[in-house]
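Here is the structure we will look at.
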Amino acid sequence: MNMPDEKALRHLNASLNLEPLWIPFTANRQFKAAPRLLVSAKDMYYQTHDGRKVLDGIAGLWAVNAGHCRAPIVEAIQKQAATMDYATGFQMHHPAAFQAAEKLVSITPQGMNRVFFTNSGSEAVDTALKIALAYHRVRGEGTRRILIGRERGYHGVGFGGISVGGMVGNRKTFGNMLGSVDHMRHTHDPARNAFSRGQPEHGAELADDLERLVQLHDASNIAAVIVEPVAGSTGVLLPPKGYLQRLRSLCDKYGILLIFDEVITGFGRTGKAFAAQTFGVTPDIITCAKALTNAAVPMGGVVVKQGIYDTFMEKGGPDAAIEFYHGYTYSGHPLAAAAACASLDLFKEEKLFERAAELAPYWENAAHALKGLPHVIDIRTIGLVVGIELQSMADKPGARAFEAFLRAYNKNVLIRTTGDTIALSPPFIIEKAQIDQLFDTVRDVLKTLP
Ligand SMILES: Cc1ncc(COP(=O)(O)O)c(C=O)c1O
């Protein structure tokens, strides 16, 4: 690890002014009173500003699937930065973006082979929703304007994403958001499915909630349904067996596009490249981000079925007309594209998705061994993911899990919490001994939590 020495750390700590920065999704006042800073990283570990080595139990944020600061990715970014830092992507483009797109579609479900690049998961979601609306319009069904999300869904923080999303904390402050939106019921059913290993048994019928919305709005007005195959940010909620298949067939029946938001499930997290492949259901559109570049440079992507792209090309008007009025200054940014190429190569060379699948049973057993510990009311696993749900403290939702996060960090293990669920999702290079360290730390913490 390229670690700052003690003197450099002392200087950094003494010189850092914490005030100007407004930190995202963070209790700023609390943080600034007792800061937690990460200053370097290598493979499975971070170094902290107070000189500790911390095990990364969450792959950065569901993102650093190959581990930190991997040499081929670092070198590819350095080389690209020195060769061409930036080029406009509008009416011009550059080779690395095409190469990244080709490598990406080599691992997406069959037939999903056209890619639009963005800079984040939120932008990927907004782009996917816009593609859905524009697609229907361009092929002459412009009445299809309604976008269907799901309760407890997280689709980033753009106005499109929070509108189809179903997390009250992310929605309540921002007024009406997008107008033509509705939501299906979520699939979380601990009464029937607690302590599931992999997909829960009960709840396929919840997909029929889409029928209810079709009866209400009429299919001719509905453009798309967007779901996370595994909901991450609301605490690792798995699709019941048969649920996604049923959703797929209802979308087919009513001509509705199915969008899988694979921002966290993409790139091996559930044991195959995409959760669509793990669950054997092919959507029409996939959004991805995070591990696309192993998180080394921000990048997102929207992968569509070829027929969607072809429709835009065929009905796009005269040859010189722009077929889709959308894009970002940094779409397919050279540094991001170089990082994506190197990451996708590294995943393949080191067979990291296969490694995630091989480790999954060990991971699952280690996770479910926490059953019976104080406060644990559910454990949900798939691939290299677990959600460990804790009983909330009266009148203080989230406080117990947050305390677990602080205590684990003090024991040199980085975990993540959302509400009162501990969500773990390590890099795929994790060793069994590190899986043990991760769960042993969580076990120790749970035993002493208030
Ligand atoms: C399913 C899903 N969609 C979208 C996003 C938003 O991605 P970003 O934070 O890169 O905008 C996230 C982020 O965690 C996510 O989990």
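Letters A, B, ... go to the chains of the structure tokens in the order shown; residues in each chain start at 1; ligands are counted from 1 in the same order.
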Selection as a list of chain:residue names: residues within 6 Å of ligand 1 by only C-alpha atoms and all ligand atoms: A:Ser120, A:Gly121, A:Ser122, A:Tyr154, A:His155, A:Gly156, A:Glu228, A:Gly232, A:Ser233, A:Asp261, A:Glu262, A:Val263, A:Ile264
Residues from last step as file, C-alpha atoms, as a PDB file, in the first residue's frame:
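Saved to out.pdb:
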```pdb
ATOM      1  CA  SER A 120     -23.009   7.571 -12.265  1.00  0.00           C
ATOM      2  CA  GLY A 121     -25.789   5.210 -11.358  1.00  0.00           C
ATOM      3  CA  SER A 122     -28.228   8.070 -10.882  1.00  0.00           C
ATOM      4  CA  TYR A 154     -33.434   2.918  -4.617  1.00  0.00           C
ATOM      5  CA  HIS A 155     -32.512   4.307  -7.998  1.00  0.00           C
ATOM      6  CA  GLY A 156     -30.115   7.082  -7.134  1.00  0.00           C
ATOM      7  CA  GLU A 228     -33.486  -3.623  -8.567  1.00  0.00           C
ATOM      8  CA  GLY A 232     -29.518  -2.968  -1.853  1.00  0.00           C
ATOM      9  CA  SER A 233     -30.000   0.387  -0.231  1.00  0.00           C
ATOM     10  CA  ASP A 261     -31.242  -1.408 -12.066  1.00  0.00           C
ATOM     11  CA  GLU A 262     -28.022  -3.397 -11.641  1.00  0.00           C
ATOM     12  CA  VAL A 263     -25.899  -0.600 -10.218  1.00  0.00           C
ATOM     13  CA  ILE A 264     -24.953  -2.795  -7.258  1.00  0.00           C
TER      14      ILE A 264
END
```
Could you produce a table of the residues of segment 333-369 of chain A lying within 6 Å of segment 79-99 of chain A, with the nearest pair of atoms per residue and their separation in Å rounded to one decimal, using only C-alpha atoms, ordered by chain and increasing residue number, as a Markdown table?
```
| residue | atom | partner | partner_atom | distance |
| --- | --- | --- | --- | --- |
| A:Pro334 | CA | A:Tyr86 | CA | 6.0 |
| A:Leu335 | CA | A:Gln80 | CA | 5.9 |
| A:Ala337 | CA | A:Ala97 | CA | 5.1 |
| A:Ala338 | CA | A:Ala96 | CA | 5.9 |
```
Near Leu147 of chain A, counting only C-alpha atoms, which residues have an atom at most 12 Å away, once you skip same-chain residues fewer than 5 positions from it, shown as an MDAnalysis selection string? chainID A and resid 125:126 128:133 160:165 178:184 210 213:214 217 219 221:227 256:259
What residues in segment 15-261 of chain A get the DSSP label strand (DSSP E or B)? Please answer as JSON, numbers by chain. {"A": [38, 39, 40, 41, 42, 43, 45, 46, 47, 48, 53, 54, 55, 56, 68, 112, 113, 114, 115, 116, 117, 118, 146, 147, 148, 149, 150, 181, 182, 183, 184, 197, 222, 223, 224, 225, 226, 227, 231, 237, 257, 258, 259, 260, 261]}
Leu9 of chain A surroundings by only C-alpha atoms, 12 Å radius, close-in-sequence under 5 positions cut, as number ranges by chain: A: 3-4, 14-16, 37-40, 47-52
